[in-house]
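Enquirer: Starting off with a structure, shown below.
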Amino acid sequence: MRFFNLSHNEKTQEFDYPVIVCQNKKLTKKEFNDFENIINKYKFWEKKTYDLEPICTDGFGIVFQALHNGDYRNYSNGNCAGQNEYLNVLYTEIKKLLKLY
């Protein structure tokens, strides 16, 4: 699994290069099962697409890229989505599980 944090500099209006938070993390069996439970709880694979229009330009958004049964999918919540927005909630649980603070 790979996780990236891309930040936006409001002063220069440029994006900083991605900072790798976690790269090629090998999950334990328990972590994998817990991760799979989170994905299933939020019916992630049932959403073939999820792409919200950006509502601001602060560069703080969640993007999931996934390969499911040979089908590439890109999920995005735009920027400035509320705390209760689907991908923010999903990512919060994944961060907690994998200790990505």
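Numbering starts fresh at 1 for the residues of each chain in the structure tokens, the chains themselves are lettered A, B, ... in the order given, and ligands are numbered from 1 as they appear.
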Extract, using only C-alpha atoms, all DNA, RNA and protein residues at most 12 Å from Leu87 (chain A), discarding same-chain residues fewer than 4 positions from it, and format them as a PDB file with all heavy atoms, in the first residue's frame.

Expert:
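Listed below is the output, around15.pdb:
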ATOM      1  N   ILE A  38     -13.206  -2.387   6.883  1.00  0.00           N
ATOM      2  CA  ILE A  38     -13.515  -0.961   6.683  1.00  0.00           C
ATOM      3  C   ILE A  38     -14.023  -0.737   5.268  1.00  0.00           C
ATOM      4  O   ILE A  38     -15.040  -0.064   5.055  1.00  0.00           O
ATOM      5  CB  ILE A  38     -12.271  -0.084   6.967  1.00  0.00           C
ATOM      6  CG1 ILE A  38     -11.922  -0.107   8.457  1.00  0.00           C
ATOM      7  CG2 ILE A  38     -12.514   1.357   6.500  1.00  0.00           C
ATOM      8  CD1 ILE A  38     -10.577   0.514   8.785  1.00  0.00           C
ATOM      9  N   ILE A  39     -13.319  -1.307   4.280  1.00  0.00           N
ATOM     10  CA  ILE A  39     -13.721  -1.159   2.875  1.00  0.00           C
ATOM     11  C   ILE A  39     -15.138  -1.694   2.670  1.00  0.00           C
ATOM     12  O   ILE A  39     -15.968  -1.067   2.004  1.00  0.00           O
ATOM     13  CB  ILE A  39     -12.713  -1.894   1.949  1.00  0.00           C
ATOM     14  CG1 ILE A  39     -11.346  -1.225   2.008  1.00  0.00           C
ATOM     15  CG2 ILE A  39     -13.225  -2.007   0.530  1.00  0.00           C
ATOM     16  CD1 ILE A  39     -11.299   0.169   1.459  1.00  0.00           C
ATOM     17  N   TYR A  42     -18.036   0.483   4.309  1.00  0.00           N
ATOM     18  CA  TYR A  42     -18.417   1.670   3.540  1.00  0.00           C
ATOM     19  C   TYR A  42     -18.767   1.350   2.084  1.00  0.00           C
ATOM     20  O   TYR A  42     -18.935   2.263   1.280  1.00  0.00           O
ATOM     21  CB  TYR A  42     -17.303   2.723   3.620  1.00  0.00           C
ATOM     22  CG  TYR A  42     -17.226   3.313   4.996  1.00  0.00           C
ATOM     23  CD1 TYR A  42     -16.286   2.860   5.913  1.00  0.00           C
ATOM     24  CD2 TYR A  42     -18.133   4.277   5.414  1.00  0.00           C
ATOM     25  CE1 TYR A  42     -16.240   3.367   7.192  1.00  0.00           C
ATOM     26  CE2 TYR A  42     -18.091   4.789   6.689  1.00  0.00           C
ATOM     27  CZ  TYR A  42     -17.146   4.332   7.578  1.00  0.00           C
ATOM     28  OH  TYR A  42     -17.106   4.831   8.861  1.00  0.00           O
ATOM     29  N   LYS A  43     -18.886   0.053   1.780  1.00  0.00           N
ATOM     30  CA  LYS A  43     -19.312  -0.400   0.449  1.00  0.00           C
ATOM     31  C   LYS A  43     -18.492   0.258  -0.664  1.00  0.00           C
ATOM     32  O   LYS A  43     -19.012   0.696  -1.678  1.00  0.00           O
ATOM     33  CB  LYS A  43     -20.803  -0.153   0.270  1.00  0.00           C
ATOM     34  CG  LYS A  43     -21.617  -0.884   1.309  1.00  0.00           C
ATOM     35  CD  LYS A  43     -23.082  -0.642   1.177  1.00  0.00           C
ATOM     36  CE  LYS A  43     -23.728  -1.459   2.287  1.00  0.00           C
ATOM     37  NZ  LYS A  43     -25.065  -1.318   2.478  1.00  0.00           N
ATOM     38  N   PHE A  44     -17.176   0.315  -0.417  1.00  0.00           N
ATOM     39  CA  PHE A  44     -16.254   0.986  -1.320  1.00  0.00           C
ATOM     40  C   PHE A  44     -16.339   0.438  -2.746  1.00  0.00           C
ATOM     41  O   PHE A  44     -16.393   1.193  -3.706  1.00  0.00           O
ATOM     42  CB  PHE A  44     -14.830   0.844  -0.773  1.00  0.00           C
ATOM     43  CG  PHE A  44     -13.790   1.588  -1.555  1.00  0.00           C
ATOM     44  CD1 PHE A  44     -13.665   2.959  -1.434  1.00  0.00           C
ATOM     45  CD2 PHE A  44     -12.930   0.911  -2.403  1.00  0.00           C
ATOM     46  CE1 PHE A  44     -12.687   3.656  -2.147  1.00  0.00           C
ATOM     47  CE2 PHE A  44     -11.947   1.590  -3.116  1.00  0.00           C
ATOM     48  CZ  PHE A  44     -11.838   2.962  -2.990  1.00  0.00           C
ATOM     49  N   LYS A  47     -19.154   1.476  -5.279  1.00  0.00           N
ATOM     50  CA  LYS A  47     -19.086   2.780  -5.949  1.00  0.00           C
ATOM     51  C   LYS A  47     -18.089   2.677  -7.100  1.00  0.00           C
ATOM     52  O   LYS A  47     -16.897   2.638  -6.880  1.00  0.00           O
ATOM     53  CB  LYS A  47     -18.649   3.865  -4.975  1.00  0.00           C
ATOM     54  CG  LYS A  47     -19.622   4.089  -3.850  1.00  0.00           C
ATOM     55  CD  LYS A  47     -19.120   5.203  -2.966  1.00  0.00           C
ATOM     56  CE  LYS A  47     -20.012   5.462  -1.791  1.00  0.00           C
ATOM     57  NZ  LYS A  47     -21.372   5.777  -2.103  1.00  0.00           N
ATOM     58  N   TYR A  50     -16.589   8.027  -7.926  1.00  0.00           N
ATOM     59  CA  TYR A  50     -16.895   8.987  -6.860  1.00  0.00           C
ATOM     60  C   TYR A  50     -15.989  10.177  -7.105  1.00  0.00           C
ATOM     61  O   TYR A  50     -14.777  10.099  -6.918  1.00  0.00           O
ATOM     62  CB  TYR A  50     -16.626   8.380  -5.480  1.00  0.00           C
ATOM     63  CG  TYR A  50     -17.088   9.245  -4.339  1.00  0.00           C
ATOM     64  CD1 TYR A  50     -18.397   9.186  -3.880  1.00  0.00           C
ATOM     65  CD2 TYR A  50     -16.221  10.136  -3.719  1.00  0.00           C
ATOM     66  CE1 TYR A  50     -18.825   9.985  -2.837  1.00  0.00           C
ATOM     67  CE2 TYR A  50     -16.637  10.936  -2.674  1.00  0.00           C
ATOM     68  CZ  TYR A  50     -17.935  10.859  -2.236  1.00  0.00           C
ATOM     69  OH  TYR A  50     -18.361  11.655  -1.205  1.00  0.00           O
ATOM     70  N   ASP A  51     -16.557  11.259  -7.579  1.00  0.00           N
ATOM     71  CA  ASP A  51     -15.753  12.414  -7.960  1.00  0.00           C
ATOM     72  C   ASP A  51     -16.537  13.685  -7.680  1.00  0.00           C
ATOM     73  O   ASP A  51     -17.401  14.070  -8.466  1.00  0.00           O
ATOM     74  CB  ASP A  51     -15.388  12.316  -9.443  1.00  0.00           C
ATOM     75  CG  ASP A  51     -14.346  13.344  -9.855  1.00  0.00           C
ATOM     76  OD1 ASP A  51     -13.666  13.900  -8.973  1.00  0.00           O
ATOM     77  OD2 ASP A  51     -14.220  13.567 -11.060  1.00  0.00           O
ATOM     78  N   LEU A  52     -16.240  14.322  -6.564  1.00  0.00           N
ATOM     79  CA  LEU A  52     -16.924  15.571  -6.214  1.00  0.00           C
ATOM     80  C   LEU A  52     -16.192  16.750  -6.838  1.00  0.00           C
ATOM     81  O   LEU A  52     -14.972  16.760  -6.946  1.00  0.00           O
ATOM     82  CB  LEU A  52     -16.967  15.751  -4.698  1.00  0.00           C
ATOM     83  CG  LEU A  52     -17.680  14.674  -3.888  1.00  0.00           C
ATOM     84  CD1 LEU A  52     -17.678  15.054  -2.410  1.00  0.00           C
ATOM     85  CD2 LEU A  52     -19.098  14.459  -4.383  1.00  0.00           C
ATOM     86  N   GLY A  61      -7.494  17.477  -0.179  1.00  0.00           N
ATOM     87  CA  GLY A  61      -8.530  16.565  -0.643  1.00  0.00           C
ATOM     88  C   GLY A  61      -8.050  15.136  -0.529  1.00  0.00           C
ATOM     89  O   GLY A  61      -6.872  14.868  -0.326  1.00  0.00           O
ATOM     90  N   ILE A  62      -8.968  14.204  -0.652  1.00  0.00           N
ATOM     91  CA  ILE A  62      -8.657  12.784  -0.571  1.00  0.00           C
ATOM     92  C   ILE A  62      -8.842  12.187  -1.963  1.00  0.00           C
ATOM     93  O   ILE A  62      -9.862  12.414  -2.617  1.00  0.00           O
ATOM     94  CB  ILE A  62      -9.601  12.058   0.411  1.00  0.00           C
ATOM     95  CG1 ILE A  62      -9.562  12.686   1.801  1.00  0.00           C
ATOM     96  CG2 ILE A  62      -9.282  10.561   0.462  1.00  0.00           C
ATOM     97  CD1 ILE A  62      -8.260  12.550   2.531  1.00  0.00           C
ATOM     98  N   VAL A  63      -7.854  11.423  -2.413  1.00  0.00           N
ATOM     99  CA  VAL A  63      -7.942  10.704  -3.673  1.00  0.00           C
ATOM    100  C   VAL A  63      -7.579   9.247  -3.404  1.00  0.00           C
ATOM    101  O   VAL A  63      -6.545   8.970  -2.798  1.00  0.00           O
ATOM    102  CB  VAL A  63      -6.976  11.271  -4.734  1.00  0.00           C
ATOM    103  CG1 VAL A  63      -7.000  10.424  -5.996  1.00  0.00           C
ATOM    104  CG2 VAL A  63      -7.310  12.714  -5.053  1.00  0.00           C
ATOM    105  N   PHE A  64      -8.448   8.348  -3.797  1.00  0.00           N
ATOM    106  CA  PHE A  64      -8.162   6.927  -3.738  1.00  0.00           C
ATOM    107  C   PHE A  64      -8.058   6.432  -5.166  1.00  0.00           C
ATOM    108  O   PHE A  64      -8.928   6.713  -5.986  1.00  0.00           O
ATOM    109  CB  PHE A  64      -9.299   6.154  -3.053  1.00  0.00           C
ATOM    110  CG  PHE A  64      -9.250   6.155  -1.562  1.00  0.00           C
ATOM    111  CD1 PHE A  64      -9.930   7.119  -0.842  1.00  0.00           C
ATOM    112  CD2 PHE A  64      -8.551   5.176  -0.870  1.00  0.00           C
ATOM    113  CE1 PHE A  64      -9.899   7.126   0.537  1.00  0.00           C
ATOM    114  CE2 PHE A  64      -8.513   5.177   0.503  1.00  0.00           C
ATOM    115  CZ  PHE A  64      -9.192   6.153   1.219  1.00  0.00           C
ATOM    116  N   GLN A  65      -7.009   5.703  -5.459  1.00  0.00           N
ATOM    117  CA  GLN A  65      -6.872   5.044  -6.747  1.00  0.00           C
ATOM    118  C   GLN A  65      -6.812   3.555  -6.461  1.00  0.00           C
ATOM    119  O   GLN A  65      -6.057   3.119  -5.595  1.00  0.00           O
ATOM    120  CB  GLN A  65      -5.619   5.510  -7.474  1.00  0.00           C
ATOM    121  CG  GLN A  65      -5.700   6.979  -7.821  1.00  0.00           C
ATOM    122  CD  GLN A  65      -4.430   7.511  -8.431  1.00  0.00           C
ATOM    123  OE1 GLN A  65      -3.349   7.060  -8.098  1.00  0.00           O
ATOM    124  NE2 GLN A  65      -4.575   8.467  -9.315  1.00  0.00           N
ATOM    125  N   ASN A  74     -10.791   5.717  -9.875  1.00  0.00           N
ATOM    126  CA  ASN A  74     -10.249   6.914  -9.256  1.00  0.00           C
ATOM    127  C   ASN A  74     -11.379   7.575  -8.462  1.00  0.00           C
ATOM    128  O   ASN A  74     -12.419   7.895  -9.023  1.00  0.00           O
ATOM    129  CB  ASN A  74      -9.730   7.866 -10.332  1.00  0.00           C
ATOM    130  CG  ASN A  74      -8.945   9.007  -9.738  1.00  0.00           C
ATOM    131  OD1 ASN A  74      -7.953   8.794  -9.065  1.00  0.00           O
ATOM    132  ND2 ASN A  74      -9.387  10.212  -9.995  1.00  0.00           N
ATOM    133  N   TYR A  75     -11.187   7.746  -7.175  1.00  0.00           N
ATOM    134  CA  TYR A  75     -12.192   8.346  -6.300  1.00  0.00           C
ATOM    135  C   TYR A  75     -11.615   9.638  -5.733  1.00  0.00           C
ATOM    136  O   TYR A  75     -10.492   9.648  -5.245  1.00  0.00           O
ATOM    137  CB  TYR A  75     -12.526   7.418  -5.132  1.00  0.00           C
ATOM    138  CG  TYR A  75     -12.964   6.026  -5.522  1.00  0.00           C
ATOM    139  CD1 TYR A  75     -12.033   5.020  -5.751  1.00  0.00           C
ATOM    140  CD2 TYR A  75     -14.310   5.709  -5.646  1.00  0.00           C
ATOM    141  CE1 TYR A  75     -12.425   3.740  -6.088  1.00  0.00           C
ATOM    142  CE2 TYR A  75     -14.709   4.433  -5.979  1.00  0.00           C
ATOM    143  CZ  TYR A  75     -13.770   3.448  -6.203  1.00  0.00           C
ATOM    144  OH  TYR A  75     -14.166   2.185  -6.536  1.00  0.00           O
ATOM    145  N   SER A  76     -12.383  10.720  -5.766  1.00  0.00           N
ATOM    146  CA  SER A  76     -11.896  12.002  -5.264  1.00  0.00           C
ATOM    147  C   SER A  76     -13.028  12.753  -4.575  1.00  0.00           C
ATOM    148  O   SER A  76     -14.154  12.768  -5.053  1.00  0.00           O
ATOM    149  CB  SER A  76     -11.351  12.837  -6.419  1.00  0.00           C
ATOM    150  OG  SER A  76     -11.022  14.130  -5.963  1.00  0.00           O
ATOM    151  N   ASN A  77     -12.691  13.410  -3.460  1.00  0.00           N
ATOM    152  CA  ASN A  77     -13.708  14.209  -2.778  1.00  0.00           C
ATOM    153  C   ASN A  77     -13.509  15.706  -3.019  1.00  0.00           C
ATOM    154  O   ASN A  77     -14.061  16.529  -2.310  1.00  0.00           O
ATOM    155  CB  ASN A  77     -13.751  13.901  -1.278  1.00  0.00           C
ATOM    156  CG  ASN A  77     -12.552  14.427  -0.527  1.00  0.00           C
ATOM    157  OD1 ASN A  77     -11.561  14.837  -1.117  1.00  0.00           O
ATOM    158  ND2 ASN A  77     -12.633  14.408   0.783  1.00  0.00           N
ATOM    159  N   GLY A  78     -12.743  16.052  -4.052  1.00  0.00           N
ATOM    160  CA  GLY A  78     -12.502  17.474  -4.305  1.00  0.00           C
ATOM    161  C   GLY A  78     -11.698  18.051  -3.153  1.00  0.00           C
ATOM    162  O   GLY A  78     -10.960  17.357  -2.474  1.00  0.00           O
ATOM    163  N   ASN A  79     -11.832  19.304  -2.918  1.00  0.00           N
ATOM    164  CA  ASN A  79     -11.158  19.962  -1.798  1.00  0.00           C
ATOM    165  C   ASN A  79     -12.198  20.509  -0.835  1.00  0.00           C
ATOM    166  O   ASN A  79     -13.316  20.800  -1.218  1.00  0.00           O
ATOM    167  CB  ASN A  79     -10.279  21.109  -2.294  1.00  0.00           C
ATOM    168  CG  ASN A  79      -9.109  20.618  -3.105  1.00  0.00           C
ATOM    169  OD1 ASN A  79      -8.587  19.550  -2.855  1.00  0.00           O
ATOM    170  ND2 ASN A  79      -8.722  21.375  -4.108  1.00  0.00           N
ATOM    171  N   CYS A  80     -11.797  20.666   0.400  1.00  0.00           N
ATOM    172  CA  CYS A  80     -12.625  21.297   1.443  1.00  0.00           C
ATOM    173  C   CYS A  80     -13.906  20.528   1.756  1.00  0.00           C
ATOM    174  O   CYS A  80     -14.883  21.112   2.212  1.00  0.00           O
ATOM    175  CB  CYS A  80     -12.986  22.737   1.076  1.00  0.00           C
ATOM    176  SG  CYS A  80     -11.572  23.796   0.862  1.00  0.00           S
ATOM    177  N   ALA A  81     -13.931  19.242   1.510  1.00  0.00           N
ATOM    178  CA  ALA A  81     -15.120  18.459   1.847  1.00  0.00           C
ATOM    179  C   ALA A  81     -15.261  18.403   3.364  1.00  0.00           C
ATOM    180  O   ALA A  81     -14.271  18.405   4.094  1.00  0.00           O
ATOM    181  CB  ALA A  81     -15.003  17.055   1.270  1.00  0.00           C
ATOM    182  N   GLY A  82     -16.482  18.346   3.831  1.00  0.00           N
ATOM    183  CA  GLY A  82     -16.757  18.321   5.265  1.00  0.00           C
ATOM    184  C   GLY A  82     -16.258  17.051   5.935  1.00  0.00           C
ATOM    185  O   GLY A  82     -15.995  16.035   5.281  1.00  0.00           O
ATOM    186  N   GLN A  83     -16.124  17.105   7.232  1.00  0.00           N
ATOM    187  CA  GLN A  83     -15.611  15.966   7.999  1.00  0.00           C
ATOM    188  C   GLN A  83     -16.449  14.710   7.802  1.00  0.00           C
ATOM    189  O   GLN A  83     -15.929  13.607   7.856  1.00  0.00           O
ATOM    190  CB  GLN A  83     -15.578  16.296   9.494  1.00  0.00           C
ATOM    191  CG  GLN A  83     -14.422  17.173   9.891  1.00  0.00           C
ATOM    192  CD  GLN A  83     -14.396  17.360  11.394  1.00  0.00           C
ATOM    193  OE1 GLN A  83     -15.428  17.559  12.024  1.00  0.00           O
ATOM    194  NE2 GLN A  83     -13.212  17.298  11.963  1.00  0.00           N
ATOM    195  N   TYR A  91     -11.102   7.510   5.043  1.00  0.00           N
ATOM    196  CA  TYR A  91      -9.666   7.733   5.226  1.00  0.00           C
ATOM    197  C   TYR A  91      -9.300   7.881   6.701  1.00  0.00           C
ATOM    198  O   TYR A  91      -8.259   7.387   7.142  1.00  0.00           O
ATOM    199  CB  TYR A  91      -9.212   8.949   4.426  1.00  0.00           C
ATOM    200  CG  TYR A  91      -7.727   9.201   4.494  1.00  0.00           C
ATOM    201  CD1 TYR A  91      -6.821   8.225   4.079  1.00  0.00           C
ATOM    202  CD2 TYR A  91      -7.215  10.397   4.981  1.00  0.00           C
ATOM    203  CE1 TYR A  91      -5.450   8.448   4.133  1.00  0.00           C
ATOM    204  CE2 TYR A  91      -5.847  10.626   5.038  1.00  0.00           C
ATOM    205  CZ  TYR A  91      -4.980   9.642   4.615  1.00  0.00           C
ATOM    206  OH  TYR A  91      -3.620   9.871   4.680  1.00  0.00           O
ATOM    207  N   THR A  92     -10.143   8.519   7.473  1.00  0.00           N
ATOM    208  CA  THR A  92      -9.889   8.668   8.908  1.00  0.00           C
ATOM    209  C   THR A  92      -9.783   7.302   9.573  1.00  0.00           C
ATOM    210  O   THR A  92      -8.888   7.063  10.392  1.00  0.00           O
ATOM    211  CB  THR A  92     -10.997   9.511   9.566  1.00  0.00           C
ATOM    212  OG1 THR A  92     -10.981  10.815   8.981  1.00  0.00           O
ATOM    213  CG2 THR A  92     -10.804   9.619  11.063  1.00  0.00           C
ATOM    214  N   GLU A  93     -10.678   6.387   9.206  1.00  0.00           N
ATOM    215  CA  GLU A  93     -10.617   5.042   9.790  1.00  0.00           C
ATOM    216  C   GLU A  93      -9.369   4.287   9.342  1.00  0.00           C
ATOM    217  O   GLU A  93      -8.743   3.579  10.122  1.00  0.00           O
ATOM    218  CB  GLU A  93     -11.881   4.253   9.446  1.00  0.00           C
ATOM    219  CG  GLU A  93     -13.077   4.724  10.228  1.00  0.00           C
ATOM    220  CD  GLU A  93     -14.183   3.693  10.282  1.00  0.00           C
ATOM    221  OE1 GLU A  93     -13.891   2.476  10.327  1.00  0.00           O
ATOM    222  OE2 GLU A  93     -15.349   4.107  10.274  1.00  0.00           O
ATOM    223  N   ILE A  94      -9.004   4.435   8.066  1.00  0.00           N
ATOM    224  CA  ILE A  94      -7.813   3.761   7.551  1.00  0.00           C
ATOM    225  C   ILE A  94      -6.554   4.321   8.218  1.00  0.00           C
ATOM    226  O   ILE A  94      -5.658   3.570   8.606  1.00  0.00           O
ATOM    227  CB  ILE A  94      -7.739   3.873   6.019  1.00  0.00           C
ATOM    228  CG1 ILE A  94      -8.856   3.034   5.386  1.00  0.00           C
ATOM    229  CG2 ILE A  94      -6.373   3.429   5.503  1.00  0.00           C
ATOM    230  CD1 ILE A  94      -9.024   3.255   3.898  1.00  0.00           C
ATOM    231  N   LYS A  95      -6.484   5.649   8.368  1.00  0.00           N
ATOM    232  CA  LYS A  95      -5.329   6.266   9.040  1.00  0.00           C
ATOM    233  C   LYS A  95      -5.185   5.745  10.468  1.00  0.00           C
ATOM    234  O   LYS A  95      -4.082   5.452  10.918  1.00  0.00           O
ATOM    235  CB  LYS A  95      -5.480   7.793   9.083  1.00  0.00           C
ATOM    236  CG  LYS A  95      -5.066   8.486   7.848  1.00  0.00           C
ATOM    237  CD  LYS A  95      -4.930   9.986   7.982  1.00  0.00           C
ATOM    238  CE  LYS A  95      -5.759  10.647   9.012  1.00  0.00           C
ATOM    239  NZ  LYS A  95      -5.666  12.103   9.014  1.00  0.00           N
TER     240      LYS A  95
END

Enquirer: Quick one: contact table of region 32-101 of chain A to region 25-28 of chain A, 9 Å max, nearest atom pair and distance in Å to one decimal per residue, counting only C-alpha atoms, chain and number order, as JSON lines?

Expert:
{"residue": "A:Phe32", "atom": "CA", "partner": "A:Leu27", "partner_atom": "CA", "distance": 5.7}
{"residue": "A:Asn33", "atom": "CA", "partner": "A:Thr28", "partner_atom": "CA", "distance": 8.5}
{"residue": "A:Leu98", "atom": "CA", "partner": "A:Leu27", "partner_atom": "CA", "distance": 8.7}

Enquirer: Find, counting only C-alpha atoms, the residue in A:Leu90, A:Ile55, A:Asn84, A:Lys99 that gets nearest to Glu36 (chain A).

Expert: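 The answer is A:Leu90, which sits nearest to Glu36 (chain A).
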
Enquirer: Going by DSSP on the backbone, which bits of region 34-98 of chain A are alpha helix (DSSP H)? Write them as a ChimeraX atom specification, please.

Expert: /A:34-41,86-98

Enquirer: Write out as a PDB file with all heavy atoms, in the first residue's frame each polymer residue whose atoms come within 12 Å of Tyr72 (chain A), counting only C-alpha atoms; drop sequence neighbours fewer than 4 positions from it.

Expert:
ATOM      1  N   TRP A  45     -16.334  -0.886  -2.897  1.00  0.00           N
ATOM      2  CA  TRP A  45     -16.316  -1.461  -4.240  1.00  0.00           C
ATOM      3  C   TRP A  45     -17.644  -1.304  -4.973  1.00  0.00           C
ATOM      4  O   TRP A  45     -17.700  -1.470  -6.190  1.00  0.00           O
ATOM      5  CB  TRP A  45     -15.909  -2.930  -4.197  1.00  0.00           C
ATOM      6  CG  TRP A  45     -14.525  -3.115  -3.673  1.00  0.00           C
ATOM      7  CD1 TRP A  45     -14.145  -3.884  -2.614  1.00  0.00           C
ATOM      8  CD2 TRP A  45     -13.320  -2.520  -4.165  1.00  0.00           C
ATOM      9  NE1 TRP A  45     -12.789  -3.791  -2.416  1.00  0.00           N
ATOM     10  CE2 TRP A  45     -12.257  -2.963  -3.354  1.00  0.00           C
ATOM     11  CE3 TRP A  45     -13.027  -1.637  -5.209  1.00  0.00           C
ATOM     12  CZ2 TRP A  45     -10.932  -2.564  -3.566  1.00  0.00           C
ATOM     13  CZ3 TRP A  45     -11.718  -1.245  -5.409  1.00  0.00           C
ATOM     14  CH2 TRP A  45     -10.691  -1.709  -4.598  1.00  0.00           C
ATOM     15  N   LYS A  48     -18.589   2.621  -8.320  1.00  0.00           N
ATOM     16  CA  LYS A  48     -17.680   2.520  -9.471  1.00  0.00           C
ATOM     17  C   LYS A  48     -17.005   3.842  -9.745  1.00  0.00           C
ATOM     18  O   LYS A  48     -15.951   3.901 -10.339  1.00  0.00           O
ATOM     19  CB  LYS A  48     -18.444   2.040 -10.701  1.00  0.00           C
ATOM     20  CG  LYS A  48     -18.891   0.606 -10.555  1.00  0.00           C
ATOM     21  CD  LYS A  48     -19.379   0.041 -11.845  1.00  0.00           C
ATOM     22  CE  LYS A  48     -19.825  -1.367 -11.577  1.00  0.00           C
ATOM     23  NZ  LYS A  48     -19.402  -2.286 -12.560  1.00  0.00           N
ATOM     24  N   THR A  49     -17.618   4.920  -9.298  1.00  0.00           N
ATOM     25  CA  THR A  49     -17.024   6.244  -9.460  1.00  0.00           C
ATOM     26  C   THR A  49     -17.450   7.112  -8.276  1.00  0.00           C
ATOM     27  O   THR A  49     -18.522   6.922  -7.700  1.00  0.00           O
ATOM     28  CB  THR A  49     -17.440   6.897 -10.800  1.00  0.00           C
ATOM     29  OG1 THR A  49     -16.749   8.128 -10.942  1.00  0.00           O
ATOM     30  CG2 THR A  49     -18.932   7.138 -10.876  1.00  0.00           C
ATOM     31  N   PHE A  64      -8.448   8.348  -3.797  1.00  0.00           N
ATOM     32  CA  PHE A  64      -8.162   6.927  -3.738  1.00  0.00           C
ATOM     33  C   PHE A  64      -8.058   6.432  -5.166  1.00  0.00           C
ATOM     34  O   PHE A  64      -8.928   6.713  -5.986  1.00  0.00           O
ATOM     35  CB  PHE A  64      -9.299   6.154  -3.053  1.00  0.00           C
ATOM     36  CG  PHE A  64      -9.250   6.155  -1.562  1.00  0.00           C
ATOM     37  CD1 PHE A  64      -9.930   7.119  -0.842  1.00  0.00           C
ATOM     38  CD2 PHE A  64      -8.551   5.176  -0.870  1.00  0.00           C
ATOM     39  CE1 PHE A  64      -9.899   7.126   0.537  1.00  0.00           C
ATOM     40  CE2 PHE A  64      -8.513   5.177   0.503  1.00  0.00           C
ATOM     41  CZ  PHE A  64      -9.192   6.153   1.219  1.00  0.00           C
ATOM     42  N   GLN A  65      -7.009   5.703  -5.459  1.00  0.00           N
ATOM     43  CA  GLN A  65      -6.872   5.044  -6.747  1.00  0.00           C
ATOM     44  C   GLN A  65      -6.812   3.555  -6.461  1.00  0.00           C
ATOM     45  O   GLN A  65      -6.057   3.119  -5.595  1.00  0.00           O
ATOM     46  CB  GLN A  65      -5.619   5.510  -7.474  1.00  0.00           C
ATOM     47  CG  GLN A  65      -5.700   6.979  -7.821  1.00  0.00           C
ATOM     48  CD  GLN A  65      -4.430   7.511  -8.431  1.00  0.00           C
ATOM     49  OE1 GLN A  65      -3.349   7.060  -8.098  1.00  0.00           O
ATOM     50  NE2 GLN A  65      -4.575   8.467  -9.315  1.00  0.00           N
ATOM     51  N   ALA A  66      -7.622   2.783  -7.180  1.00  0.00           N
ATOM     52  CA  ALA A  66      -7.730   1.362  -6.876  1.00  0.00           C
ATOM     53  C   ALA A  66      -7.876   0.546  -8.154  1.00  0.00           C
ATOM     54  O   ALA A  66      -8.397   1.024  -9.154  1.00  0.00           O
ATOM     55  CB  ALA A  66      -8.939   1.128  -5.966  1.00  0.00           C
ATOM     56  N   LEU A  67      -7.425  -0.672  -8.076  1.00  0.00           N
ATOM     57  CA  LEU A  67      -7.603  -1.630  -9.149  1.00  0.00           C
ATOM     58  C   LEU A  67      -8.477  -2.738  -8.590  1.00  0.00           C
ATOM     59  O   LEU A  67      -8.111  -3.397  -7.618  1.00  0.00           O
ATOM     60  CB  LEU A  67      -6.248  -2.180  -9.598  1.00  0.00           C
ATOM     61  CG  LEU A  67      -6.236  -3.037 -10.843  1.00  0.00           C
ATOM     62  CD1 LEU A  67      -6.741  -2.244 -12.055  1.00  0.00           C
ATOM     63  CD2 LEU A  67      -4.832  -3.547 -11.114  1.00  0.00           C
ATOM     64  N   HIS A  68      -9.650  -2.914  -9.181  1.00  0.00           N
ATOM     65  CA  HIS A  68     -10.603  -3.900  -8.686  1.00  0.00           C
ATOM     66  C   HIS A  68     -11.020  -4.804  -9.832  1.00  0.00           C
ATOM     67  O   HIS A  68     -11.660  -4.353 -10.777  1.00  0.00           O
ATOM     68  CB  HIS A  68     -11.827  -3.189  -8.087  1.00  0.00           C
ATOM     69  CG  HIS A  68     -12.818  -4.115  -7.479  1.00  0.00           C
ATOM     70  ND1 HIS A  68     -14.012  -4.402  -8.072  1.00  0.00           N
ATOM     71  CD2 HIS A  68     -12.795  -4.818  -6.328  1.00  0.00           C
ATOM     72  CE1 HIS A  68     -14.690  -5.244  -7.319  1.00  0.00           C
ATOM     73  NE2 HIS A  68     -13.958  -5.507  -6.244  1.00  0.00           N
TER      74      HIS A  68
END

Enquirer: DSSP on the backbone, strand (DSSP E) only: what residues of region 34-65 of chain A does that give? Format it as a list of chain:residue names.

Expert: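 The residues of region 34-65 of chain A classed as strand (DSSP E) are A:Tyr50, A:Asp51, A:Val63, A:Phe64, A:Gln65.
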
Enquirer: For Leu97 (chain A), which residue out of A:Asn24, A:Thr12, A:Asn69, A:Asn37 is the nearest one, using only C-alpha atoms?

Expert: A:Asn37
